[in-house]
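Next comes final03.cif, with mmCIF, C-alpha atoms.
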data_run
loop_
_atom_site.group_PDB
_atom_site.id
_atom_site.type_symbol
_atom_site.label_atom_id
_atom_site.label_comp_id
_atom_site.auth_asym_id
_atom_site.auth_seq_id
_atom_site.Cartn_x
_atom_site.Cartn_y
_atom_site.Cartn_z
ATOM 1 C CA MET A 1 -262.904 70.675 -16.590
ATOM 2 C CA HIS A 2 -264.466 73.486 -18.685
ATOM 3 C CA THR A 3 -267.724 75.158 -17.667
ATOM 4 C CA LYS A 4 -269.682 73.442 -20.468
ATOM 5 C CA GLN A 5 -268.263 70.047 -19.503
ATOM 6 C CA LYS A 6 -269.124 70.645 -15.850
ATOM 7 C CA ALA A 7 -272.671 71.612 -16.795
ATOM 8 C CA ALA A 8 -273.053 68.499 -18.952
ATOM 9 C CA ALA A 9 -271.725 66.231 -16.201
ATOM 10 C CA LEU A 10 -274.008 67.824 -13.619
ATOM 11 C CA ARG A 11 -276.990 67.538 -15.947
ATOM 12 C CA LEU A 12 -276.360 63.832 -16.505
ATOM 13 C CA HIS A 13 -275.971 63.260 -12.776
ATOM 14 C CA VAL A 14 -279.183 65.113 -11.951
ATOM 15 C CA THR A 15 -281.109 63.190 -14.610
ATOM 16 C CA MET A 16 -279.904 59.807 -13.369
ATOM 17 C CA ALA A 17 -280.364 60.561 -9.682
ATOM 18 C CA ALA A 18 -283.771 62.116 -10.295
ATOM 19 C CA ALA A 19 -284.862 58.802 -11.781
ATOM 20 C CA ILE A 20 -283.675 57.003 -8.647
ATOM 21 C CA ILE A 21 -285.569 59.425 -6.429
ATOM 22 C CA ALA A 22 -288.735 59.183 -8.504
ATOM 23 C CA LEU A 23 -288.808 55.419 -8.076
ATOM 24 C CA ALA A 24 -288.202 55.536 -4.331
ATOM 25 C CA ALA A 25 -290.417 58.488 -3.483
ATOM 26 C CA CYS A 26 -293.511 57.541 -5.458
ATOM 27 C CA GLY A 27 -294.774 55.278 -2.706
ATOM 28 C CA ASP A 28 -293.865 57.514 0.230
ATOM 29 C CA ARG A 29 -296.626 60.122 0.521
ATOM 30 C CA SER A 30 -298.143 58.932 3.779
ATOM 31 C CA ALA A 31 -299.047 61.419 6.488
ATOM 32 C CA THR A 32 -296.968 59.557 9.074
ATOM 33 C CA PRO A 33 -293.380 60.873 9.299
ATOM 34 C CA ASP A 34 -290.783 58.283 8.314
ATOM 35 C CA ARG A 35 -288.333 57.837 11.195
ATOM 36 C CA THR A 36 -286.629 54.715 9.874
ATOM 37 C CA VAL A 37 -283.079 53.999 10.934
ATOM 38 C CA GLY A 38 -281.594 51.377 8.671
ATOM 39 C CA PRO A 39 -278.328 49.842 7.471
ATOM 40 C CA THR A 40 -276.163 50.976 4.610
ATOM 41 C CA VAL A 41 -277.860 50.228 1.304
ATOM 42 C CA ASP A 42 -276.813 50.269 -2.328
ATOM 43 C CA ALA A 43 -278.573 52.805 -4.507
ATOM 44 C CA PRO A 44 -280.850 51.095 -7.057
ATOM 45 C CA ALA A 45 -279.992 51.171 -10.737
ATOM 46 C CA PRO A 46 -281.329 54.343 -12.366
ATOM 47 C CA GLN A 47 -284.300 54.089 -14.689
ATOM 48 C CA LEU A 48 -283.814 56.932 -17.138
ATOM 49 C CA ALA A 49 -287.293 56.479 -18.590
ATOM 50 C CA SER A 50 -288.684 57.873 -15.329
ATOM 51 C CA VAL A 51 -287.329 61.339 -16.105
ATOM 52 C CA PRO A 52 -288.851 63.462 -18.904
ATOM 53 C CA SER A 53 -286.443 63.824 -21.819
ATOM 54 C CA THR A 54 -287.264 67.541 -21.837
ATOM 55 C CA ALA A 55 -285.931 68.077 -18.285
ATOM 56 C CA GLN A 56 -283.688 71.138 -18.177
ATOM 57 C CA LEU A 57 -281.406 72.517 -15.493
ATOM 58 C CA ALA A 58 -282.455 76.044 -14.604
ATOM 59 C CA LEU A 59 -281.203 78.925 -12.475
ATOM 60 C CA ALA A 60 -283.252 81.910 -11.366
ATOM 61 C CA PRO A 61 -282.450 84.955 -13.536
ATOM 62 C CA ALA A 62 -279.521 86.888 -12.091
ATOM 63 C CA GLY A 63 -280.670 89.785 -9.940
ATOM 64 C CA ALA A 64 -284.340 88.821 -10.124
ATOM 65 C CA PRO A 65 -286.344 89.400 -6.910
ATOM 66 C CA SER A 66 -286.996 85.924 -5.509
ATOM 67 C CA GLU A 67 -288.807 84.627 -2.449
ATOM 68 C CA LEU A 68 -289.557 81.268 -0.870
ATOM 69 C CA LEU A 69 -292.593 79.295 -1.986
ATOM 70 C CA ALA A 70 -295.197 79.332 0.782
ATOM 71 C CA CYS A 71 -296.380 75.831 1.644
ATOM 72 C CA PRO A 72 -298.459 75.734 4.857
ATOM 73 C CA ALA A 73 -299.747 72.237 4.047
ATOM 74 C CA MET A 74 -296.270 70.649 3.845
ATOM 75 C CA LYS A 75 -296.112 68.003 6.577
ATOM 76 C CA ALA A 76 -293.202 67.869 8.999
ATOM 77 C CA GLY A 77 -291.184 64.657 9.165
ATOM 78 C CA GLN A 78 -287.742 63.208 9.723
ATOM 79 C CA SER A 79 -285.812 60.137 8.639
ATOM 80 C CA THR A 80 -282.346 58.930 9.665
ATOM 81 C CA ARG A 81 -280.245 56.304 7.897
ATOM 82 C CA MET A 82 -276.697 55.026 8.037
ATOM 83 C CA VAL A 83 -275.171 55.315 4.557
ATOM 84 C CA GLY A 84 -271.777 53.973 3.501
ATOM 85 C CA PRO A 85 -269.655 53.884 0.327
ATOM 86 C CA GLY A 86 -272.338 51.823 -1.439
ATOM 87 C CA GLY A 87 -274.694 54.799 -1.430
ATOM 88 C CA GLY A 88 -278.297 54.998 -0.331
ATOM 89 C CA MET A 89 -281.446 57.035 -0.111
ATOM 90 C CA ILE A 90 -283.448 58.798 2.579
ATOM 91 C CA VAL A 91 -287.099 59.659 1.919
ATOM 92 C CA VAL A 92 -289.618 61.702 3.908
ATOM 93 C CA ASN A 93 -293.118 62.236 2.516
ATOM 94 C CA GLY A 94 -291.905 62.446 -1.083
ATOM 95 C CA ASN A 95 -288.829 64.562 -0.270
ATOM 96 C CA ALA A 96 -285.553 62.719 -0.685
ATOM 97 C CA VAL A 97 -281.779 62.632 -0.620
ATOM 98 C CA ALA A 98 -280.119 60.297 -3.149
ATOM 99 C CA ILE A 99 -276.502 59.494 -2.267
ATOM 100 C CA PRO A 100 -274.701 57.709 -5.132
ATOM 101 C CA ARG A 101 -272.054 55.026 -4.751
ATOM 102 C CA GLY A 102 -268.716 56.555 -3.802
ATOM 103 C CA ALA A 103 -270.097 59.828 -2.412
ATOM 104 C CA VAL A 104 -269.470 58.709 1.192
ATOM 105 C CA LYS A 105 -266.056 57.387 2.232
ATOM 106 C CA THR A 106 -267.015 55.907 5.613
ATOM 107 C CA PRO A 107 -270.431 54.882 7.023
ATOM 108 C CA THR A 108 -272.164 58.014 8.259
ATOM 109 C CA ARG A 109 -275.573 58.618 9.798
ATOM 110 C CA PHE A 110 -277.564 61.178 7.780
ATOM 111 C CA THR A 111 -280.846 62.821 8.726
ATOM 112 C CA LEU A 112 -283.344 64.363 6.333
ATOM 113 C CA SER A 113 -285.806 66.721 8.042
ATOM 114 C CA VAL A 114 -288.861 68.511 6.703
ATOM 115 C CA PRO A 115 -289.515 71.414 9.120
ATOM 116 C CA GLY A 116 -293.147 71.909 8.143
ATOM 117 C CA ASN A 117 -292.719 75.624 8.901
ATOM 118 C CA GLY A 118 -294.816 77.038 6.097
ATOM 119 C CA PHE A 119 -292.292 76.747 3.258
ATOM 120 C CA ALA A 120 -291.271 74.035 0.772
ATOM 121 C CA GLU A 121 -288.059 73.414 2.696
ATOM 122 C CA VAL A 122 -285.798 70.528 3.753
ATOM 123 C CA ASP A 123 -282.726 70.188 5.934
ATOM 124 C CA VAL A 124 -280.011 67.537 5.620
ATOM 125 C CA LYS A 125 -277.388 66.837 8.274
ATOM 126 C CA ALA A 126 -274.571 64.358 8.929
ATOM 127 C CA GLU A 127 -274.211 63.154 12.521
ATOM 128 C CA GLY A 128 -271.240 64.731 14.293
ATOM 129 C CA VAL A 129 -270.198 66.921 11.337
ATOM 130 C CA ASP A 130 -271.139 70.581 11.002
ATOM 131 C CA HIS A 131 -270.053 70.990 7.379
ATOM 132 C CA TYR A 132 -270.095 67.618 5.635
ATOM 133 C CA VAL A 133 -268.700 67.527 2.077
ATOM 134 C CA PHE A 134 -269.368 64.557 -0.239
ATOM 135 C CA SER A 135 -266.845 63.003 -2.605
ATOM 136 C CA ARG A 136 -269.439 63.065 -5.403
ATOM 137 C CA PRO A 137 -272.572 65.191 -5.883
ATOM 138 C CA ILE A 138 -275.732 63.987 -4.201
ATOM 139 C CA VAL A 139 -279.220 64.885 -5.387
ATOM 140 C CA ILE A 140 -281.931 66.404 -3.231
ATOM 141 C CA THR A 141 -285.607 66.338 -4.139
ATOM 142 C CA ILE A 142 -288.200 68.703 -2.677
ATOM 143 C CA ASP A 143 -291.819 67.699 -3.197
ATOM 144 C CA TYR A 144 -293.979 70.823 -3.516
ATOM 145 C CA SER A 145 -297.179 69.003 -4.549
ATOM 146 C CA SER A 146 -298.951 70.082 -1.350
ATOM 147 C CA CYS A 147 -298.258 73.782 -1.947
ATOM 148 C CA GLY A 148 -301.329 74.519 -4.071
ATOM 149 C CA VAL A 149 -299.517 75.504 -7.276
ATOM 150 C CA ALA A 150 -301.132 73.007 -9.665
ATOM 151 C CA GLY A 151 -302.672 75.753 -11.795
ATOM 152 C CA THR A 152 -299.516 77.744 -12.484
ATOM 153 C CA ASP A 153 -296.898 77.116 -15.162
ATOM 154 C CA LYS A 154 -294.397 79.566 -13.675
ATOM 155 C CA PRO A 155 -290.921 78.108 -12.968
ATOM 156 C CA PHE A 156 -289.606 77.252 -9.533
ATOM 157 C CA TYR A 157 -285.963 77.219 -8.482
ATOM 158 C CA GLY A 158 -283.866 75.529 -5.805
ATOM 159 C CA TRP A 159 -282.032 77.646 -3.222
ATOM 160 C CA TYR A 160 -279.509 77.080 -0.464
ATOM 161 C CA ILE A 161 -280.905 79.118 2.443
ATOM 162 C CA ASP A 162 -280.043 80.454 5.861
ATOM 163 C CA GLN A 163 -282.387 78.425 8.037
ATOM 164 C CA SER A 164 -282.590 81.035 10.787
ATOM 165 C CA SER A 165 -283.418 84.076 8.665
ATOM 166 C CA HIS A 166 -284.685 82.208 5.571
ATOM 167 C CA ASN A 167 -282.515 84.448 3.431
ATOM 168 C CA LEU A 168 -281.743 83.063 -0.031
ATOM 169 C CA LEU A 169 -277.972 82.434 -0.211
ATOM 170 C CA GLU A 170 -277.203 80.461 -3.367
ATOM 171 C CA ASN A 171 -279.291 79.513 -6.389
ATOM 172 C CA MET A 172 -278.931 75.802 -7.202
ATOM 173 C CA ALA A 173 -279.100 74.556 -10.799
ATOM 174 C CA ALA A 174 -282.291 72.493 -10.638
ATOM 175 C CA VAL A 175 -284.725 70.426 -12.667
ATOM 176 C CA ASP A 176 -288.370 71.412 -12.089
ATOM 177 C CA ASP A 177 -290.577 68.356 -12.708
ATOM 178 C CA ARG A 178 -293.920 70.126 -13.060
ATOM 179 C CA TYR A 179 -295.903 66.963 -13.756
ATOM 180 C CA ASN A 180 -294.994 65.438 -10.366
ATOM 181 C CA GLN A 181 -294.411 68.835 -8.726
ATOM 182 C CA ARG A 182 -290.913 68.042 -7.503
ATOM 183 C CA LEU A 183 -287.654 69.944 -7.739
ATOM 184 C CA PHE A 184 -284.341 68.094 -8.175
ATOM 185 C CA PHE A 185 -280.850 69.539 -7.728
ATOM 186 C CA ALA A 186 -277.310 68.342 -7.058
ATOM 187 C CA THR A 187 -275.025 69.520 -4.256
ATOM 188 C CA MET A 188 -271.728 68.560 -2.638
ATOM 189 C CA HIS A 189 -272.580 69.729 0.885
ATOM 190 C CA LEU A 190 -275.369 69.524 3.435
ATOM 191 C CA SER A 191 -277.528 72.390 4.583
ATOM 192 C CA GLY A 192 -281.031 73.788 4.378
ATOM 193 C CA TYR A 193 -282.657 74.027 0.952
ATOM 194 C CA ALA A 194 -285.970 75.370 -0.285
ATOM 195 C CA VAL A 195 -288.095 76.063 -3.358
ATOM 196 C CA ALA A 196 -288.401 79.703 -4.449
ATOM 197 C CA TYR A 197 -289.796 81.698 -7.351
ATOM 198 C CA VAL A 198 -289.255 85.047 -9.018
ATOM 199 C CA ARG A 199 -291.904 87.426 -7.690
ATOM 200 C CA ASP A 200 -292.519 89.225 -10.968
ATOM 201 C CA GLN A 201 -293.271 85.905 -12.678
ATOM 202 C CA VAL A 202 -295.952 84.702 -10.272
ATOM 203 C CA GLU A 203 -299.477 86.012 -10.426
#

Output the structure of this file as structure tokens.
Amino acid sequence: MHTKQKAAALRLHVTMAAAIIALAACGDRSATPDRTVGPTVDAPAPQLASVPSTAQLALAPAGAPSELLACPAMKAGQSTRMVGPGGGMIVVNGNAVAIPRGAVKTPTRFTLSVPGNGFAEVDVKAEGVDHYVFSRPIVITIDYSSCGVAGTDKPFYGWYIDQSSHNLLENMAAVDDRYNQRLFFATMHLSGYAVAYVRDQVE
């Protein structure tokens, strides 16, 4: 598949999965961490109207000095769910992992954690697997609405990070939903992810 075709396919996937996340996460902003353990569930049908038609995938400019978005008010939480081939979703205080149908071959227990360590950061793990790879891209949402950035129109970007050092390892093509202050991006593997910005573009 050519680069343009890959980008188009990824963009469509992000748009559809972002709609799924928006529907599921809108009612999950309670202060109590969600520690639900549930059965395999089918992902709901996407509602494309939930995603702005102007949503664009974006990468941080190559070589630009970037750093993690500070978010001391982001609440810690954790949720675990068994997800099978039918797909499913895990949500913690507005942060989410949307796993589409066919992304998981056998039922697997996944955990979404929000460290609450001062950054807009999440961690996703599969039980018993150090480096889990999905059969189809999943979409991760990071809710940065508690980070105090309502007054800025500067762009934010998604990054795969080293959770020990918090070094930025790989820029993820993401959709920044400024109205709801959430960042959506697709990935094939599980790890730690965070919201970052380009220093020269933030006042």

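Between atom CA of A:Phe185 and atom CA of A:Ala76 lies a distance of 20.9 Å.
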
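Each of A:Arg81, A:Arg136, A:Lys154, A:Arg182 was compared to A:Arg199 using all atoms listed in the file, and A:Lys154 turns out to be the nearest.
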
Exercise. Would you be able to write out as a ChimeraX atom specification which residues have an atom within 7 Å of (-271.2, 65.9, -8.1) in the file's coordinates, counting only C-alpha atoms?
Key: /A:10,136-138,186-188

Practice problem: Evaluate the PyMOL selection byres ((chain A and resi 167-178) around 8) on the structure here and hand back the selected residues as an NGL selection string. | Solution: :A and (14 or 55-60 or 67 or 153 or 155-163 or 165-166 or 179-187)

Exercise. Please write the residues picked by the PyMOL selection byres ((chain A and resi 114-120) around 7) on this file as JSON, numbers by chain.
Key: {"A": [68, 69, 70, 71, 72, 74, 75, 76, 77, 78, 112, 113, 121, 122, 123, 144, 194, 195]}

Self-check item: Residues returned when the PyMOL selection byres ((chain A and resi 83) around 12) runs on this file, as a PyMOL selection string
Solution: chain A and resi 37-43+80-82+84-90+97-111+126-127+134

Padding of 5 Å on every side, edges along x, y and z, all listed atoms of stretch 191-199 of chain A included: what centre and edge lengths in Å, to one decimal, does that box have, as AutoDock Vina command-line options?
--center_x -284.7 --center_y 79.9 --center_z -2.2 --size_x 24.4 --size_y 25.0 --size_z 23.6

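The two atoms in question, atom CA of A:Ser164 and atom CA of A:Ser135, are spaced 27.4 Å apart.
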
Quiz item: What does the distance from atom CA of A:Val198 to atom CA of A:Val92 come to in Å, to one decimal?
Solution: 26.7 Å

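You can rank A:Ser66, A:Ser191, A:Ala73, A:Thr152 by their closest distance to A:Tyr132 using all atoms listed in the file, and at the top of that list sits A:Ser191.
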
Practice problem: Would you mind telling me which residue in A:Asn93, A:His189, A:Ser145, A:Ala150 lies nearest to A:Val133 when using all atoms listed in the file? | Solution: A:His189
